[in-house]
Amino acid sequence: HNRLVEFHRYENENADYTGFQAQTVFRKQDPPEFAVLATWNIATFGAGGGWHHWTDLDNVDKAMKPMNELGIHVINEAYSKLQGWAEGALLLADEVLEEFFGVLRPWDFDAPDYLQFVAQTTSEACNEVEDETAANSGGGDSGGGGGTVDLCFTEDALVIMADGTTVRIDEVRVGDLVSTGFPGETGRITNVLVHKVGSTQHASNKVEVVVISSAQYGDLIGSPEHPIFVNGRWMEMQEAIDVGVFDVSDMLAMRTTETID
């Protein structure tokens with residue numbers, strides 16, 4: 001709640017009200033008793049999840065209610081016509097109650113289905129892409145489908161541990177305690193991910209990266225889309241360059257093509 005107040009008072013650049021007017025409104029309201037935050041930002045600690053979508057609309061009704069005739073009813077947004085939202089589960093519950101139990105819906109207006117699907121993929125298309133990717137890569141694990149490259153930071157990136165020392169990222173192990181960058185808070189390594197770098201379309205390890213050079217820690221090389229916490233907020237490395245975050249005397253940042261072993 002305090003963070004929302006701060007945003008509306010100081011940070012909402014496109015607001016049609018002043019910070020004083022926002023504060024006046026907040027003071028007239030009772031403070032909230034609870035709140036829910038949903039975040040899909042991969043940089044957020046503990047974040048992670050998926051999003052359901054149909055890839056083929058031909059058999060949606062059968063997929064939604066595969067065993068209902070046997071008295072087994074699955075109610076979930078993933079099996080609804082409005083996936084990714086709690087409303088999808090509610091719509092499916094009302095549909096099942098009306099169709100199988102004779103319970104009328106509790107409203108007198110039409111509720112649209114909002115049927116969504118991933119238009120660019122079907123089961124056949126997915127199989128074709130997987131077969132083509134395997135053929136181009138020789139069945140190896142050199143990268144993602146469609147020529148994408150898995151790269152976060154290079155192996156020589158430095159990690160600040162909980163005790164203030166620095167360790168190469170390839171030497172960090174599960175269970176190690178690291179600094180989060182926030183006063184009084186530490187994090188524990190729960191998984192170590194290592195990606196081979198390469199292209200499924202070109203026999204080369206040349207990739208687009210951002211290089212950040214500092215006098216204190218040397219070079220940090222990472223993918224342009226990798227989020228970093230800088231100047232009090234999360235942003236992608238490329239965005240940090242675009243807004244001039246690193247335009248200071250002891251730091252230099254640029255996007256370039258590097259050969260990564």
# chains A, B, ... in the order shown; residues from 1 in each chain; ligands from 1

$ residues_around --residues "range 151-158 of chain A" --least-positions-apart "6" --cutoff "6 Å" --atoms "only C-alpha atoms" --output "PyMOL selection string"
chain A and resi 166-170+220-223

$ atom_distance --atom1 "CA of Ile212 in chain A" --atom2 "CA of Val159 in chain A"
14.6 Å

$ residues_around --residues "Ile241 in chain A" --least-positions-apart "5" --cutoff "12 Å" --atoms "only C-alpha atoms" --output "PDB file with N, CA and C atoms, in the first residue's frame"
ATOM      1  N   VAL A 209      25.650  -9.472 -27.104  1.00  0.00           N
ATOM      2  CA  VAL A 209      25.746  -9.355 -25.654  1.00  0.00           C
ATOM      3  C   VAL A 209      25.887  -7.890 -25.266  1.00  0.00           C
ATOM      4  N   VAL A 210      25.691  -7.634 -23.995  1.00  0.00           N
ATOM      5  CA  VAL A 210      26.002  -6.335 -23.407  1.00  0.00           C
ATOM      6  C   VAL A 210      27.239  -6.497 -22.537  1.00  0.00           C
ATOM      7  N   VAL A 211      28.202  -5.625 -22.715  1.00  0.00           N
ATOM      8  CA  VAL A 211      29.428  -5.641 -21.923  1.00  0.00           C
ATOM      9  C   VAL A 211      29.447  -4.407 -21.031  1.00  0.00           C
ATOM     10  N   ILE A 212      29.489  -4.633 -19.724  1.00  0.00           N
ATOM     11  CA  ILE A 212      29.571  -3.533 -18.757  1.00  0.00           C
ATOM     12  C   ILE A 212      30.943  -3.598 -18.094  1.00  0.00           C
ATOM     13  N   PRO A 224      21.409  -9.133 -23.644  1.00  0.00           N
ATOM     14  CA  PRO A 224      20.771  -7.808 -23.563  1.00  0.00           C
ATOM     15  C   PRO A 224      19.456  -7.818 -22.805  1.00  0.00           C
ATOM     16  N   GLU A 225      18.737  -8.964 -22.825  1.00  0.00           N
ATOM     17  CA  GLU A 225      17.434  -9.030 -22.176  1.00  0.00           C
ATOM     18  C   GLU A 225      17.523  -9.400 -20.702  1.00  0.00           C
ATOM     19  N   ILE A 228      18.593  -6.582 -14.610  1.00  0.00           N
ATOM     20  CA  ILE A 228      19.514  -6.189 -13.544  1.00  0.00           C
ATOM     21  C   ILE A 228      18.828  -5.139 -12.681  1.00  0.00           C
ATOM     22  N   VAL A 230      19.171  -1.759 -10.911  1.00  0.00           N
ATOM     23  CA  VAL A 230      20.038  -0.596 -10.957  1.00  0.00           C
ATOM     24  C   VAL A 230      19.202   0.662 -10.751  1.00  0.00           C
ATOM     25  N   MET A 235      15.535  -3.495 -14.591  1.00  0.00           N
ATOM     26  CA  MET A 235      15.453  -3.196 -16.012  1.00  0.00           C
ATOM     27  C   MET A 235      16.372  -4.148 -16.760  1.00  0.00           C
ATOM     28  N   GLU A 236      16.097  -4.326 -18.054  1.00  0.00           N
ATOM     29  CA  GLU A 236      16.962  -5.156 -18.863  1.00  0.00           C
ATOM     30  C   GLU A 236      18.276  -4.427 -19.118  1.00  0.00           C
ATOM     31  N   PHE A 246      24.756   3.892 -17.315  1.00  0.00           N
ATOM     32  CA  PHE A 246      26.188   3.671 -17.126  1.00  0.00           C
ATOM     33  C   PHE A 246      27.040   4.822 -17.633  1.00  0.00           C
ATOM     34  N   ASP A 247      26.438   5.962 -17.902  1.00  0.00           N
ATOM     35  CA  ASP A 247      27.190   7.116 -18.370  1.00  0.00           C
ATOM     36  C   ASP A 247      27.855   7.840 -17.206  1.00  0.00           C
ATOM     37  N   VAL A 248      28.743   7.128 -16.510  1.00  0.00           N
ATOM     38  CA  VAL A 248      29.486   7.703 -15.388  1.00  0.00           C
ATOM     39  C   VAL A 248      30.966   7.467 -15.631  1.00  0.00           C
ATOM     40  N   MET A 251      32.553   3.717 -15.342  1.00  0.00           N
ATOM     41  CA  MET A 251      31.855   2.595 -15.956  1.00  0.00           C
ATOM     42  C   MET A 251      31.631   2.862 -17.443  1.00  0.00           C
ATOM     43  N   LEU A 252      31.622   1.779 -18.221  1.00  0.00           N
ATOM     44  CA  LEU A 252      31.378   1.863 -19.648  1.00  0.00           C
ATOM     45  C   LEU A 252      30.532   0.671 -20.058  1.00  0.00           C
ATOM     46  N   ALA A 253      29.491   0.890 -20.856  1.00  0.00           N
ATOM     47  CA  ALA A 253      28.618  -0.199 -21.283  1.00  0.00           C
ATOM     48  C   ALA A 253      28.323  -0.054 -22.764  1.00  0.00           C
ATOM     49  N   MET A 254      28.272  -1.196 -23.456  1.00  0.00           N
ATOM     50  CA  MET A 254      27.951  -1.184 -24.884  1.00  0.00           C
ATOM     51  C   MET A 254      27.411  -2.544 -25.289  1.00  0.00           C
ATOM     52  N   ARG A 255      26.689  -2.542 -26.415  1.00  0.00           N
ATOM     53  CA  ARG A 255      26.200  -3.799 -26.998  1.00  0.00           C
ATOM     54  C   ARG A 255      27.112  -4.165 -28.150  1.00  0.00           C
TER      55      ARG A 255
END

$ select_by_dssp --residues "range 160-249 of chain A" --states "strand (DSSP E)" --output "JSON, numbers by chain"
{"A": [160, 166, 167, 168, 177, 178, 179, 186, 187, 188, 206, 207, 208, 209, 210, 211, 212, 213, 214, 218, 219, 220, 221, 222, 227, 228, 229, 230, 233, 234, 235, 236]}

$ atom_distance --atom1 "CA of Trp54 in chain A" --atom2 "CA of Val96 in chain A"
19.4 Å

$ atom_distance --atom1 "CA of Ile75 in chain A" --atom2 "CA of Asp58 in chain A"
20.2 Å

$ residues_around --residues "Asn2 in chain A" --least-positions-apart "2" --cutoff "12 Å" --atoms "only C-alpha atoms" --output "ChimeraX atom specification"
/A:4-9,23,26-27,31-32,35

$ closest_residue --among "A:Met161, A:Ile189, A:Gly181, A:Gln238" --to "Glu208 in chain A" --atoms "only C-alpha atoms"
A:Gln238
